[in-house]
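Colleague: Take a look at coords_26.pdb, PDB, C-alpha atoms:
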ATOM      1  CA  MET A   1       0.000   0.000   0.000
ATOM      2  CA  THR A   2       1.277   3.455  -0.917
ATOM      3  CA  ASN A   3       0.530   6.736   0.824
ATOM      4  CA  MET A   4       0.152  10.170  -0.752
ATOM      5  CA  ASN A   5       3.919  10.795  -0.661
ATOM      6  CA  GLY A   6       4.556   7.843  -2.947
ATOM      7  CA  ALA A   7       6.488   5.884  -0.300
ATOM      8  CA  GLY A   8       5.555   2.540   1.182
ATOM      9  CA  SER A   9       3.680   2.742   4.476
ATOM     10  CA  GLU A  10       6.569   1.126   6.374
ATOM     11  CA  GLY A  11       9.192   3.601   5.178
ATOM     12  CA  ALA A  12       7.300   6.874   4.872
ATOM     13  CA  PRO A  13       9.811   9.716   4.335
ATOM     14  CA  HIS A  14       7.674  12.432   5.930
ATOM     15  CA  GLY A  15       5.730  12.958   9.118
ATOM     16  CA  GLU A  16       2.090  13.927   9.438
ATOM     17  CA  GLN A  17       2.755  17.589   8.548
ATOM     18  CA  GLY A  18       5.076  16.742   5.647
ATOM     19  CA  THR A  19       8.220  17.283   7.710
ATOM     20  CA  PRO A  20      11.214  15.014   7.067
ATOM     21  CA  GLN A  21      11.152  11.795   9.046
ATOM     22  CA  PRO A  22      13.454  11.987  12.113
ATOM     23  CA  ILE A  23      16.265   9.436  12.183
ATOM     24  CA  ALA A  24      17.523   7.897  15.422
ATOM     25  CA  ILE A  25      21.119   7.045  16.253
ATOM     26  CA  ILE A  26      20.736   3.800  18.176
ATOM     27  CA  GLY A  27      24.349   2.653  18.496
ATOM     28  CA  TYR A  28      27.879   3.972  18.187
ATOM     29  CA  ALA A  29      31.549   3.061  18.533
ATOM     30  CA  CYS A  30      34.865   4.788  17.960
ATOM     31  CA  ARG A  31      38.663   4.733  18.085
ATOM     32  CA  LEU A  32      40.173   8.195  18.521
ATOM     33  CA  PRO A  33      43.413   9.874  19.600
ATOM     34  CA  GLY A  34      43.944  10.457  23.306
ATOM     35  CA  GLN A  35      43.406   6.817  24.326
ATOM     36  CA  VAL A  36      39.759   6.968  23.285
ATOM     37  CA  THR A  37      38.334   3.520  22.527
ATOM     38  CA  SER A  38      34.658   4.186  23.297
ATOM     39  CA  PRO A  39      32.135   7.051  23.344
ATOM     40  CA  SER A  40      32.453   7.247  27.149
ATOM     41  CA  ASP A  41      36.230   7.704  26.750
ATOM     42  CA  LEU A  42      35.553  10.565  24.311
ATOM     43  CA  TRP A  43      33.220  12.214  26.815
ATOM     44  CA  GLU A  44      35.901  11.954  29.490
ATOM     45  CA  LEU A  45      38.545  13.447  27.185
ATOM     46  CA  CYS A  46      36.295  16.419  26.373
ATOM     47  CA  THR A  47      35.055  17.086  29.905
ATOM     48  CA  ARG A  48      38.586  16.945  31.323
ATOM     49  CA  ALA A  49      39.934  19.175  28.532
ATOM     50  CA  ARG A  50      42.534  16.597  27.536
ATOM     51  CA  SER A  51      44.303  16.706  24.181
ATOM     52  CA  GLY A  52      44.791  13.880  21.729
ATOM     53  CA  TRP A  53      47.920  15.486  20.244
ATOM     54  CA  SER A  54      51.243  13.674  20.109
ATOM     55  CA  PRO A  55      54.476  13.710  18.119
ATOM     56  CA  ILE A  56      54.314  11.563  14.985
ATOM     57  CA  PRO A  57      54.751   7.968  16.229
ATOM     58  CA  LYS A  58      58.086   6.480  15.226
ATOM     59  CA  ASP A  59      56.469   3.160  14.341
ATOM     60  CA  ARG A  60      54.641   4.810  11.398
ATOM     61  CA  PHE A  61      57.679   6.080   9.484
ATOM     62  CA  SER A  62      61.015   7.769  10.148
ATOM     63  CA  VAL A  63      60.108  11.298  11.163
ATOM     64  CA  GLU A  64      63.759  12.357  11.302
ATOM     65  CA  ALA A  65      64.206  11.382   7.655
ATOM     66  CA  PHE A  66      61.406  13.604   6.392
ATOM     67  CA  ARG A  67      60.707  16.487   8.767
ATOM     68  CA  HIS A  68      62.150  19.918   7.954
ATOM     69  CA  PRO A  69      60.999  23.385   9.136
ATOM     70  CA  ASN A  70      60.776  24.620   5.550
ATOM     71  CA  PRO A  71      57.404  23.293   4.295
ATOM     72  CA  SER A  72      58.402  23.821   0.646
ATOM     73  CA  ARG A  73      61.539  21.711   0.848
ATOM     74  CA  VAL A  74      61.329  18.850  -1.652
ATOM     75  CA  GLY A  75      60.764  15.458  -0.048
ATOM     76  CA  SER A  76      59.969  16.903   3.397
ATOM     77  CA  PHE A  77      57.116  18.016   5.613
ATOM     78  CA  ASN A  78      57.004  20.597   8.400
ATOM     79  CA  PRO A  79      54.613  19.447  11.200
ATOM     80  CA  LYS A  80      56.073  18.146  14.460
ATOM     81  CA  GLY A  81      53.046  16.028  15.285
ATOM     82  CA  GLY A  82      49.316  15.466  14.934
ATOM     83  CA  TYR A  83      46.490  13.381  16.356
ATOM     84  CA  PHE A  84      47.226   9.644  16.333
ATOM     85  CA  LEU A  85      45.721   6.476  17.762
ATOM     86  CA  ASP A  86      47.607   5.073  20.733
ATOM     87  CA  GLU A  87      46.768   1.447  19.998
ATOM     88  CA  ASP A  88      48.797  -0.987  17.956
ATOM     89  CA  ILE A  89      47.031  -0.817  14.592
ATOM     90  CA  THR A  90      48.703  -4.043  13.441
ATOM     91  CA  ARG A  91      46.748  -6.130  15.968
ATOM     92  CA  PHE A  92      43.751  -7.846  14.402
ATOM     93  CA  ASP A  93      41.731 -10.962  15.191
ATOM     94  CA  ALA A  94      41.487 -12.172  11.594
ATOM     95  CA  PRO A  95      39.832 -15.554  12.339
ATOM     96  CA  PHE A  96      36.989 -13.746  14.139
ATOM     97  CA  VAL A  97      35.942 -12.187  10.828
ATOM     98  CA  ASN A  98      36.716 -15.333   8.821
ATOM     99  CA  LEU A  99      39.835 -14.021   7.093
ATOM    100  CA  THR A 100      42.852 -16.055   6.023
ATOM    101  CA  VAL A 101      46.426 -15.020   6.745
ATOM    102  CA  GLN A 102      46.860 -13.929   3.122
ATOM    103  CA  GLU A 103      43.729 -11.768   3.244
ATOM    104  CA  ALA A 104      44.655 -10.186   6.574
ATOM    105  CA  THR A 105      48.158  -9.368   5.343
ATOM    106  CA  SER A 106      46.730  -7.638   2.293
ATOM    107  CA  MET A 107      44.029  -5.728   4.161
ATOM    108  CA  ASP A 108      44.240  -2.017   4.824
ATOM    109  CA  PRO A 109      44.138  -1.429   8.615
ATOM    110  CA  GLN A 110      41.374   1.101   7.931
ATOM    111  CA  GLN A 111      39.122  -1.787   6.878
ATOM    112  CA  ARG A 112      40.107  -3.699  10.015
ATOM    113  CA  LEU A 113      39.159  -0.804  12.290
ATOM    114  CA  LEU A 114      35.862  -0.309  10.473
ATOM    115  CA  LEU A 115      34.944  -3.973  10.962
ATOM    116  CA  GLU A 116      35.770  -3.832  14.675
ATOM    117  CA  CYS A 117      33.882  -0.572  15.261
ATOM    118  CA  ALA A 118      30.868  -1.770  13.239
ATOM    119  CA  TYR A 119      30.646  -4.855  15.451
ATOM    120  CA  GLU A 120      30.923  -2.729  18.614
ATOM    121  CA  ALA A 121      28.326  -0.244  17.347
ATOM    122  CA  LEU A 122      25.847  -3.085  16.812
ATOM    123  CA  GLU A 123      26.591  -4.269  20.361
ATOM    124  CA  SER A 124      25.919  -0.706  21.549
ATOM    125  CA  ALA A 125      22.557  -0.852  19.761
ATOM    126  CA  GLY A 126      21.765  -4.232  21.308
ATOM    127  CA  ILE A 127      21.437  -5.882  17.897
ATOM    128  CA  PRO A 128      22.889  -9.375  17.379
ATOM    129  CA  LYS A 129      24.544  -9.522  13.974
ATOM    130  CA  GLU A 130      22.374 -12.519  13.087
ATOM    131  CA  ASN A 131      19.317 -10.253  13.260
ATOM    132  CA  LEU A 132      20.639  -8.063  10.441
ATOM    133  CA  ALA A 133      21.720 -10.815   8.067
ATOM    134  CA  ARG A 134      19.930 -10.700   4.695
ATOM    135  CA  ARG A 135      18.088  -7.475   5.634
ATOM    136  CA  ASN A 136      18.081  -4.252   3.626
ATOM    137  CA  VAL A 137      20.710  -2.631   5.813
ATOM    138  CA  GLY A 138      22.730   0.049   4.052
ATOM    139  CA  VAL A 139      26.415   0.728   4.702
ATOM    140  CA  PHE A 140      27.665   4.236   3.970
ATOM    141  CA  THR A 141      31.330   4.898   4.620
ATOM    142  CA  GLY A 142      33.321   8.090   4.367
ATOM    143  CA  GLY A 143      36.753   7.124   3.085
ATOM    144  CA  ASN A 144      39.607   8.096   0.831
ATOM    145  CA  PHE A 145      43.063   6.889  -0.205
ATOM    146  CA  SER A 146      44.904   4.103   1.580
ATOM    147  CA  ASP A 147      48.428   4.745   2.856
ATOM    148  CA  TYR A 148      48.766   0.988   3.307
ATOM    149  CA  GLU A 149      48.346   0.565  -0.435
ATOM    150  CA  LEU A 150      51.277   2.909  -1.071
ATOM    151  CA  ASN A 151      53.517   0.565   0.894
ATOM    152  CA  ASN A 152      52.056  -2.568  -0.706
ATOM    153  CA  VAL A 153      52.784  -1.523  -4.285
ATOM    154  CA  ARG A 154      56.205   0.132  -3.970
ATOM    155  CA  ASP A 155      57.848  -3.121  -5.032
ATOM    156  CA  ILE A 156      55.871  -5.166  -7.552
ATOM    157  CA  GLU A 157      57.777  -8.281  -6.494
ATOM    158  CA  THR A 158      56.220  -8.165  -3.012
ATOM    159  CA  ILE A 159      52.621  -7.104  -3.752
ATOM    160  CA  PRO A 160      50.399  -9.269  -1.494
ATOM    161  CA  MET A 161      47.915 -11.715  -2.998
ATOM    162  CA  HIS A 162      44.724  -9.838  -2.141
ATOM    163  CA  GLN A 163      46.002  -6.285  -2.641
ATOM    164  CA  ALA A 164      43.238  -5.437  -5.139
ATOM    165  CA  THR A 165      40.462  -5.989  -2.603
ATOM    166  CA  GLY A 166      42.495  -5.451   0.541
ATOM    167  CA  CYS A 167      43.015  -1.746  -0.115
ATOM    168  CA  ALA A 168      40.261  -0.720  -2.546
ATOM    169  CA  ALA A 169      38.281   2.266  -1.234
ATOM    170  CA  SER A 170      35.007   0.579  -2.212
ATOM    171  CA  LEU A 171      35.808  -2.263   0.185
ATOM    172  CA  GLN A 172      35.723   0.102   3.171
ATOM    173  CA  SER A 173      31.946  -0.231   2.961
ATOM    174  CA  ASN A 174      31.680  -3.523   1.073
ATOM    175  CA  ARG A 175      33.749  -5.389   3.665
ATOM    176  CA  ILE A 176      31.164  -4.551   6.337
ATOM    177  CA  SER A 177      28.254  -5.546   4.086
ATOM    178  CA  TYR A 178      29.952  -8.828   3.225
ATOM    179  CA  PHE A 179      30.845  -9.835   6.780
ATOM    180  CA  PHE A 180      27.396  -9.095   8.202
ATOM    181  CA  ASP A 181      25.572 -10.371   5.061
ATOM    182  CA  LEU A 182      23.706  -7.098   4.496
ATOM    183  CA  ARG A 183      21.564  -6.524   1.387
ATOM    184  CA  GLY A 184      21.157  -2.727   1.328
ATOM    185  CA  PRO A 185      23.310  -0.169  -0.522
ATOM    186  CA  SER A 186      27.051  -0.392   0.146
ATOM    187  CA  ILE A 187      28.760   2.878  -0.751
ATOM    188  CA  THR A 188      32.096   4.524   0.026
ATOM    189  CA  VAL A 189      31.934   8.312  -0.280
ATOM    190  CA  ASP A 190      34.996  10.489  -0.841
ATOM    191  CA  THR A 191      34.388  14.221  -0.498
ATOM    192  CA  ALA A 192      37.676  14.923   1.296
ATOM    193  CA  CYS A 193      37.253  16.274   4.833
ATOM    194  CA  SER A 194      33.451  16.051   4.706
ATOM    195  CA  SER A 195      33.295  12.404   3.579
ATOM    196  CA  SER A 196      31.731  10.893   6.710
ATOM    197  CA  LEU A 197      29.135  13.663   7.044
ATOM    198  CA  VAL A 198      28.145  13.261   3.392
ATOM    199  CA  ALA A 199      27.933   9.491   3.903
ATOM    200  CA  LEU A 200      25.579  10.128   6.817
ATOM    201  CA  HIS A 201      23.440  12.384   4.618
ATOM    202  CA  TYR A 202      23.029   9.633   2.019
ATOM    203  CA  ALA A 203      22.208   7.142   4.759
ATOM    204  CA  VAL A 204      19.452   9.437   6.014
ATOM    205  CA  GLN A 205      18.057   9.723   2.488
ATOM    206  CA  SER A 206      18.164   5.945   2.037
ATOM    207  CA  LEU A 207      16.235   5.415   5.268
ATOM    208  CA  ARG A 208      13.641   8.066   4.431
ATOM    209  CA  SER A 209      13.024   6.601   0.989
ATOM    210  CA  GLY A 210      12.542   3.123   2.426
ATOM    211  CA  GLU A 211      15.522   1.798   0.470
ATOM    212  CA  SER A 212      17.202   0.782   3.758
ATOM    213  CA  LYS A 213      15.574  -0.404   6.980
ATOM    214  CA  GLU A 214      18.650   0.390   9.053
ATOM    215  CA  ALA A 215      21.969   1.965   8.117
ATOM    216  CA  ILE A 216      25.562   1.691   9.271
ATOM    217  CA  VAL A 217      27.492   4.928   8.784
ATOM    218  CA  ALA A 218      31.245   4.748   9.223
ATOM    219  CA  GLY A 219      34.452   6.643   8.684
ATOM    220  CA  CYS A 220      38.126   5.880   9.173
ATOM    221  CA  HIS A 221      41.514   7.358   8.344
ATOM    222  CA  LEU A 222      45.042   6.307   9.276
ATOM    223  CA  ASN A 223      48.355   8.019   8.530
ATOM    224  CA  LEU A 224      50.807   5.240   7.700
ATOM    225  CA  ALA A 225      53.199   6.709   5.134
ATOM    226  CA  PRO A 226      54.997  10.042   4.606
ATOM    227  CA  ASP A 227      54.005  10.518   0.955
ATOM    228  CA  ILE A 228      50.804  12.540   1.394
ATOM    229  CA  TRP A 229      52.384  14.503   4.254
ATOM    230  CA  VAL A 230      55.076  15.688   1.858
ATOM    231  CA  SER A 231      52.556  16.615  -0.830
ATOM    232  CA  MET A 232      50.344  18.572   1.564
ATOM    233  CA  SER A 233      53.317  20.296   3.161
ATOM    234  CA  MET A 234      54.564  21.530  -0.211
ATOM    235  CA  SER A 235      51.083  22.997  -0.749
ATOM    236  CA  GLN A 236      51.519  25.021   2.485
ATOM    237  CA  LEU A 237      48.579  23.269   4.182
ATOM    238  CA  PHE A 238      50.154  22.545   7.596
ATOM    239  CA  ASN A 239      51.197  24.630  10.558
ATOM    240  CA  ASP A 240      54.566  23.858  12.133
ATOM    241  CA  GLU A 241      53.280  22.401  15.405
ATOM    242  CA  GLY A 242      50.744  20.091  13.819
ATOM    243  CA  LYS A 243      48.055  21.329  16.216
ATOM    244  CA  THR A 244      44.532  22.459  15.439
ATOM    245  CA  PHE A 245      42.796  25.257  17.371
ATOM    246  CA  SER A 246      39.477  25.678  15.595
ATOM    247  CA  PHE A 247      37.666  28.976  16.352
ATOM    248  CA  ASP A 248      40.435  29.802  18.854
ATOM    249  CA  GLU A 249      42.723  32.830  19.164
ATOM    250  CA  ARG A 250      45.694  30.427  19.317
ATOM    251  CA  ALA A 251      45.019  29.243  15.779
ATOM    252  CA  THR A 252      47.730  29.731  13.176
ATOM    253  CA  SER A 253      47.614  29.317   9.438
ATOM    254  CA  GLY A 254      47.458  25.677   8.426
ATOM    255  CA  PHE A 255      45.816  22.587   9.870
ATOM    256  CA  ALA A 256      46.933  19.372  11.578
ATOM    257  CA  ARG A 257      46.436  15.808  10.401
ATOM    258  CA  GLY A 258      44.577  13.309  12.535
ATOM    259  CA  GLU A 259      43.238   9.789  12.422
ATOM    260  CA  GLY A 260      40.618   7.563  13.959
ATOM    261  CA  ALA A 261      37.444   5.608  13.255
ATOM    262  CA  GLY A 262      33.788   6.052  14.101
ATOM    263  CA  VAL A 263      30.563   4.151  13.390
ATOM    264  CA  VAL A 264      26.911   4.985  14.100
ATOM    265  CA  ILE A 265      23.810   2.820  13.582
ATOM    266  CA  LEU A 266      20.794   4.669  12.167
ATOM    267  CA  LYS A 267      17.112   3.760  12.097
ATOM    268  CA  PRO A 268      13.891   5.726  11.523
ATOM    269  CA  LEU A 269      12.831   7.156  14.873
ATOM    270  CA  ASP A 270       9.341   5.675  14.813
ATOM    271  CA  ALA A 271      10.778   2.212  14.126
ATOM    272  CA  ALA A 272      13.375   2.636  16.876
ATOM    273  CA  LEU A 273      10.694   3.597  19.392
ATOM    274  CA  ARG A 274       8.504   0.722  18.256
ATOM    275  CA  ASP A 275      11.346  -1.776  18.699
ATOM    276  CA  LYS A 276      12.447  -0.216  22.015
ATOM    277  CA  ASP A 277      15.946   0.496  20.701
ATOM    278  CA  PRO A 278      18.231   2.802  22.706
ATOM    279  CA  VAL A 279      17.883   6.261  21.143
ATOM    280  CA  ARG A 280      21.235   8.016  21.599
ATOM    281  CA  ALA A 281      20.362  11.076  19.505
ATOM    282  CA  VAL A 282      17.972  12.180  16.761
ATOM    283  CA  ILE A 283      18.884  13.543  13.337
ATOM    284  CA  VAL A 284      16.239  16.063  12.343
ATOM    285  CA  HIS A 285      17.636  16.853   8.918
ATOM    286  CA  SER A 286      20.806  16.936   6.856
ATOM    287  CA  GLY A 287      22.015  18.579   3.684
ATOM    288  CA  VAL A 288      24.889  18.693   1.225
ATOM    289  CA  SER A 289      26.136  21.571  -0.927
ATOM    290  CA  GLN A 290      29.259  22.956  -2.547
ATOM    291  CA  ASP A 291      30.443  26.552  -2.225
ATOM    292  CA  GLY A 292      31.610  26.769  -5.813
ATOM    293  CA  ARG A 293      34.629  28.786  -6.812
ATOM    294  CA  THR A 294      35.830  29.952  -3.409
TER     295      THR A 294
END
Would you encode the structure as structure tokens?

Modeller:
Amino acid sequence: MTNMNGAGSEGAPHGEQGTPQPIAIIGYACRLPGQVTSPSDLWELCTRARSGWSPIPKDRFSVEAFRHPNPSRVGSFNPKGGYFLDEDITRFDAPFVNLTVQEATSMDPQQRLLLECAYEALESAGIPKENLARRNVGVFTGGNFSDYELNNVRDIETIPMHQATGCAASLQSNRISYFFDLRGPSITVDTACSSSLVALHYAVQSLRSGESKEAIVAGCHLNLAPDIWVSMSMSQLFNDEGKTFSFDERATSGFARGEGAGVVILKPLDAALRDKDPVRAVIVHSGVSQDGRT
């Protein structure tokens, strides 16, 4: 049966007065700088005014070999630090997600973090993964290039077996859909710094149209190689300290690089209330635009 808005009665995009259907966030998970491994850790970091800044970890790449105070110097970058995860990003329980040694070796750690956070976000929502299998659950991921891929393909004699799928940007969303056996849209969005927010916007639209019953929205970025640091530094994008002070008098020209992962589980608010899901927050509306030639 179809209502006057042209949408099925179960997935009506508008409320009684024609307003957009509210969307509930029913679960979440994250990995962030400052020893943040959960939303409660993030709350503690913010309320105690702690910083997630650190020098560039030496286990990522040789900082001494590339750092130079002149940002335009060829083959160098100028920041002293940034915002990095404290955990060992090489640790991964591959058998838990049914991956072979060859697949795990080939896989971008960004995909690994997304899988772990997606599982934790579903736990936060109180949803067993078996309950989502074969349902129209959409996965919308904000992602971009893979530093891990840069390392994998430097020497063609050592390219791992599953490089093509292990580091493809599309697999940042598809890997989640495959593991949980989800049948909704599976899309990786790259709009630079806004990628995850744009992914969330498309998830909201998918839920309102009835295309998806629930949606997993995710984002992840890791800084594993110096290449992009050098490119951005030569474009004068960084400040020397590698610290960000948004809307603060301490701010200087240039930004700081960071990393982390986050996942939220979305569901139409009326369905969440009906199913007695934990409602963490409500999305009233979202939008996407471009400011043109600015």

Colleague: By how many Å are CA of Cys167 in chain A and CA of Gln111 in chain A apart?

Modeller: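 Interatomic distance here is 8.0 Å.
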
Colleague: Which residues are near range 160-163 of chain A? Cut-off 7 Å, all atoms listed in the file, ignore same chain within fewer than 2 positions. Put them as a PDB file with C-alpha atoms, keeping the file's coordinate frame.

Modeller:
ATOM      1  CA  GLN A 102      46.860 -13.929   3.122  1.00  0.00           C
ATOM      2  CA  GLU A 103      43.729 -11.768   3.244  1.00  0.00           C
ATOM      3  CA  SER A 106      46.730  -7.638   2.293  1.00  0.00           C
ATOM      4  CA  ASN A 152      52.056  -2.568  -0.706  1.00  0.00           C
ATOM      5  CA  THR A 158      56.220  -8.165  -3.012  1.00  0.00           C
ATOM      6  CA  THR A 165      40.462  -5.989  -2.603  1.00  0.00           C
ATOM      7  CA  GLY A 166      42.495  -5.451   0.541  1.00  0.00           C
ATOM      8  CA  CYS A 167      43.015  -1.746  -0.115  1.00  0.00           C
TER       9      CYS A 167
END

Colleague: So which one's closest to Pro57 in chain A, A:Gly219, A:Pro226, A:Gly18, A:Gly126? Using all atoms listed in the file, please.

Modeller: A:Pro226

Colleague: From the list A:Ala218, A:Ile89, A:Cys30, A:Cys46, which residue is nearest Gly143 in chain A when using only C-alpha atoms?

Modeller: A:Ala218

Colleague: Quick one: everything within 6 Å of range 118-125 of chain A, counting all atoms listed in the file, minus sequence neighbours fewer than 5 positions away in the same chain. Send it as number ranges by chain.

Modeller: A: 26-29, 263

Colleague: Distance cut-off 6 Å, centre (53.7, 24.7, 0.6) in file coordinates, counting only C-alpha atoms: which residues qualify? Return them as a list in words.

Modeller: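 Checked against the point, the hits come out as Pro71, Ser72, Ser233, Met234, Ser235 and Gln236 of chain A.
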
Colleague: Output C-alpha atoms for every residue in that selection, as a compact mmCIF listing (two decimals), keeping the file's coordinate frame.

Modeller:
# COMPACT_ATOMS: atom_id res chain seq x y z
CA PRO A 71 57.40 23.29 4.30
CA SER A 72 58.40 23.82 0.65
CA SER A 233 53.32 20.30 3.16
CA MET A 234 54.56 21.53 -0.21
CA SER A 235 51.08 23.00 -0.75
CA GLN A 236 51.52 25.02 2.48

Colleague: Check what the PyMOL selection byres ((chain A and resi 97) around 10) selects in the file above and give those residues as number ranges by chain.

Modeller: A: 92-96, 98-100, 104, 112, 115-116, 179-180

Colleague: Rank A:Ala49, A:Ala281, A:Ala256, A:Leu237 by their smallest atom-to-atom distance to Pro268 in chain A, using only C-alpha atoms, and report the top residue only.

Modeller: A:Ala281

Colleague: Determine the residue set returned by the PyMOL selection byres ((chain A and resi 269) around 9) for the present structure, and present it as a list of chain:residue names.

Modeller: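 Given this file, the PyMOL selection byres ((chain A and resi 269) around 9) evaluates to A:Gln21, A:Pro22, A:Ile23, A:Ala24, A:Ile25, A:Leu266, A:Lys267, A:Pro268, A:Asp270, A:Ala271, A:Ala272, A:Leu273, A:Arg274, A:Val279, A:Val282, A:Ile283.
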
Colleague: What gap, in Å, lies between CA of Ala169 in chain A and CA of Glu149 in chain A?

Modeller: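 Interatomic distance here is 10.2 Å.
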
Colleague: Could you list, as a CSV table (one decimal) with C-alpha atoms, keeping the file's coordinate frame, every residue matched by the PyMOL selection byres ((chain A and resi 221) around 8) in this structure?

Modeller:
chain,number,residue,atom,x,y,z
A,110,GLN,CA,41.4,1.1,7.9
A,143,GLY,CA,36.8,7.1,3.1
A,144,ASN,CA,39.6,8.1,0.8
A,219,GLY,CA,34.5,6.6,8.7
A,220,CYS,CA,38.1,5.9,9.2
A,222,LEU,CA,45.0,6.3,9.3
A,223,ASN,CA,48.4,8.0,8.5
A,258,GLY,CA,44.6,13.3,12.5
A,259,GLU,CA,43.2,9.8,12.4
A,260,GLY,CA,40.6,7.6,14.0
A,261,ALA,CA,37.4,5.6,13.3
